[in-house]
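Next comes my_file.pdb, a file with PDB, C-alpha atoms.
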ATOM      1  CA  MET A 760       8.948   4.348   1.840
ATOM      2  CA  SER A 761      11.225   2.310   4.078
ATOM      3  CA  PHE A 762      10.049  -0.034   6.791
ATOM      4  CA  ASP A 763      10.976   0.664  10.381
ATOM      5  CA  PRO A 764       8.783  -1.415  12.742
ATOM      6  CA  LYS A 765       9.074   0.960  15.685
ATOM      7  CA  ASN A 766       7.910   3.916  13.579
ATOM      8  CA  GLU A 767       5.236   2.167  11.543
ATOM      9  CA  LYS A 768       1.656   3.294  11.636
ATOM     10  CA  PRO A 769      -1.335   1.430  10.216
ATOM     11  CA  LEU A 770      -1.889   1.772   6.487
ATOM     12  CA  SER A 771      -5.163   3.543   7.170
ATOM     13  CA  ALA A 772      -3.198   6.390   8.798
ATOM     14  CA  TYR A 773      -1.296   7.164   5.593
ATOM     15  CA  THR A 774      -2.481   9.894   3.243
ATOM     16  CA  ASN A 775      -3.498   8.987  -0.293
ATOM     17  CA  GLU A 776      -0.235  10.478  -1.558
ATOM     18  CA  GLU A 777       1.767   8.360   0.896
ATOM     19  CA  LEU A 778      -0.126   5.252  -0.231
ATOM     20  CA  LEU A 779       0.673   6.051  -3.853
ATOM     21  CA  GLY A 780       4.348   6.324  -2.908
ATOM     22  CA  PHE A 781       4.196   3.054  -0.970
ATOM     23  CA  LEU A 782       2.756   1.403  -4.075
ATOM     24  CA  GLY A 783       5.550   2.868  -6.217
ATOM     25  CA  ILE A 784       3.192   5.148  -8.157
ATOM     26  CA  GLU A 785       4.676   8.514  -9.040
ATOM     27  CA  SER A 786       1.519   9.990 -10.589
ATOM     28  CA  THR A 787      -0.970  12.140  -8.750
ATOM     29  CA  LEU A 788      -4.229  10.746  -7.417
ATOM     30  CA  GLU A 789      -6.109  12.631 -10.133
ATOM     31  CA  ASP A 790      -3.949  11.100 -12.874
ATOM     32  CA  VAL A 791      -4.283   7.577 -11.501
ATOM     33  CA  PHE A 792      -8.080   7.682 -11.355
ATOM     34  CA  ARG A 793      -8.692   9.972 -14.337
ATOM     35  CA  ASN A 794     -10.543   7.335 -16.363
ATOM     36  CA  TYR A 795     -12.550   5.926 -13.461
ATOM     37  CA  ASN A 796     -15.876   7.111 -12.121
ATOM     38  CA  MET A 797     -15.112   6.597  -8.438
ATOM     39  CA  THR A 798     -15.895   8.592  -5.340
ATOM     40  CA  ASP A 799     -13.089   9.776  -3.066
ATOM     41  CA  GLU A 800     -14.039   7.010  -0.634
ATOM     42  CA  GLN A 801     -13.833   4.348  -3.357
ATOM     43  CA  LYS A 802     -10.432   5.632  -4.448
ATOM     44  CA  ARG A 803      -9.194   5.489  -0.855
ATOM     45  CA  GLU A 804     -10.543   1.956  -0.378
ATOM     46  CA  PHE A 805      -8.855   0.846  -3.597
ATOM     47  CA  LEU A 806      -5.487   2.292  -2.518
ATOM     48  CA  LEU A 807      -5.758   0.725   0.928
ATOM     49  CA  GLU A 808      -6.630  -2.658  -0.584
ATOM     50  CA  LYS A 809      -3.639  -2.578  -2.938
ATOM     51  CA  ALA A 810      -1.318  -1.403  -0.145
ATOM     52  CA  GLU A 811      -2.541  -4.231   2.102
ATOM     53  CA  GLU A 812      -1.901  -6.752  -0.687
ATOM     54  CA  LYS A 813       1.638  -5.412  -1.064
ATOM     55  CA  ASN A 814       2.139  -5.464   2.698
ATOM     56  CA  GLN A 815       1.047  -9.110   2.877
ATOM     57  CA  LYS A 816       3.403 -10.021   0.037
ATOM     58  CA  TYR A 817       6.349  -8.494   1.920
ATOM     59  CA  TYR A 818       5.237 -10.159   5.146
ATOM     60  CA  TRP A 819       5.249 -13.631   3.577
ATOM     61  CA  GLN A 820       8.546 -13.018   1.782
ATOM     62  CA  GLY A 821      10.089 -12.008   5.118
ATOM     63  CA  LEU A 822       8.822 -15.162   6.800
ATOM     64  CA  ILE A 823      10.232 -17.307   4.004
ATOM     65  CA  ILE A 824      13.621 -15.615   4.328
ATOM     66  CA  LEU A 825      13.594 -16.122   8.099
ATOM     67  CA  TYR A 826      12.596 -19.759   7.691
ATOM     68  CA  LYS A 827      15.360 -20.449   5.164
ATOM     69  CA  GLY A 828      17.887 -18.828   7.489
ATOM     70  CA  MET A 829      17.097 -21.258  10.331
TER      71      MET A 829
END
Translate this structure into structure tokens?
Amino acid sequence: MSFDPKNEKPLSAYTNEELLGFLGIESTLEDVFRNYNMTDEQKREFLLEKAEEKNQKYYWQGLIILYKGM
């Protein structure tokens, strides 16, 4: 998934499959959570939390790069 600010939508608007792709996971949702006793809502919350963590990491890395370039 590439980042294009003018076409970006909030993470909550992505499907579970899109979130898996954003996280670099090539397995299906069923495979990822096979050994966990989680509801569909809990799975979704988990994916959104991990995607937000990744998003924040990229955000801070971008700021650092911009700062170093000044």
Exercise. Give me the result of the PyMOL selection byres ((chain A and resi 788-805) around 10) on this file, residue by residue, as a list of chain:residue names.
Key: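 On this input, the PyMOL selection byres ((chain A and resi 788-805) around 10) captures A:Ser771, A:Thr774, A:Asn775, A:Glu776, A:Leu778, A:Leu779, A:Ile784, A:Glu785, A:Ser786, A:Thr787, A:Leu806, A:Leu807, A:Glu808, A:Lys809, A:Ala810, A:Glu811.
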Exercise. For CA of Glu767 in chain A and CA of Gln820 in chain A, determine how far apart the two atoms are, in Å to one decimal place.
Key: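 Going from CA of Glu767 in chain A over to CA of Gln820 in chain A covers 18.4 Å.
If you look at CA of Gly821 in chain A and CA of Gly783 in chain A, they are 19.2 Å away from each other.
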Quiz item: In Å, with one decimal, what is the gap from CA of Leu782 in chain A to CA of Leu825 in chain A?
Solution: 23.9 Å
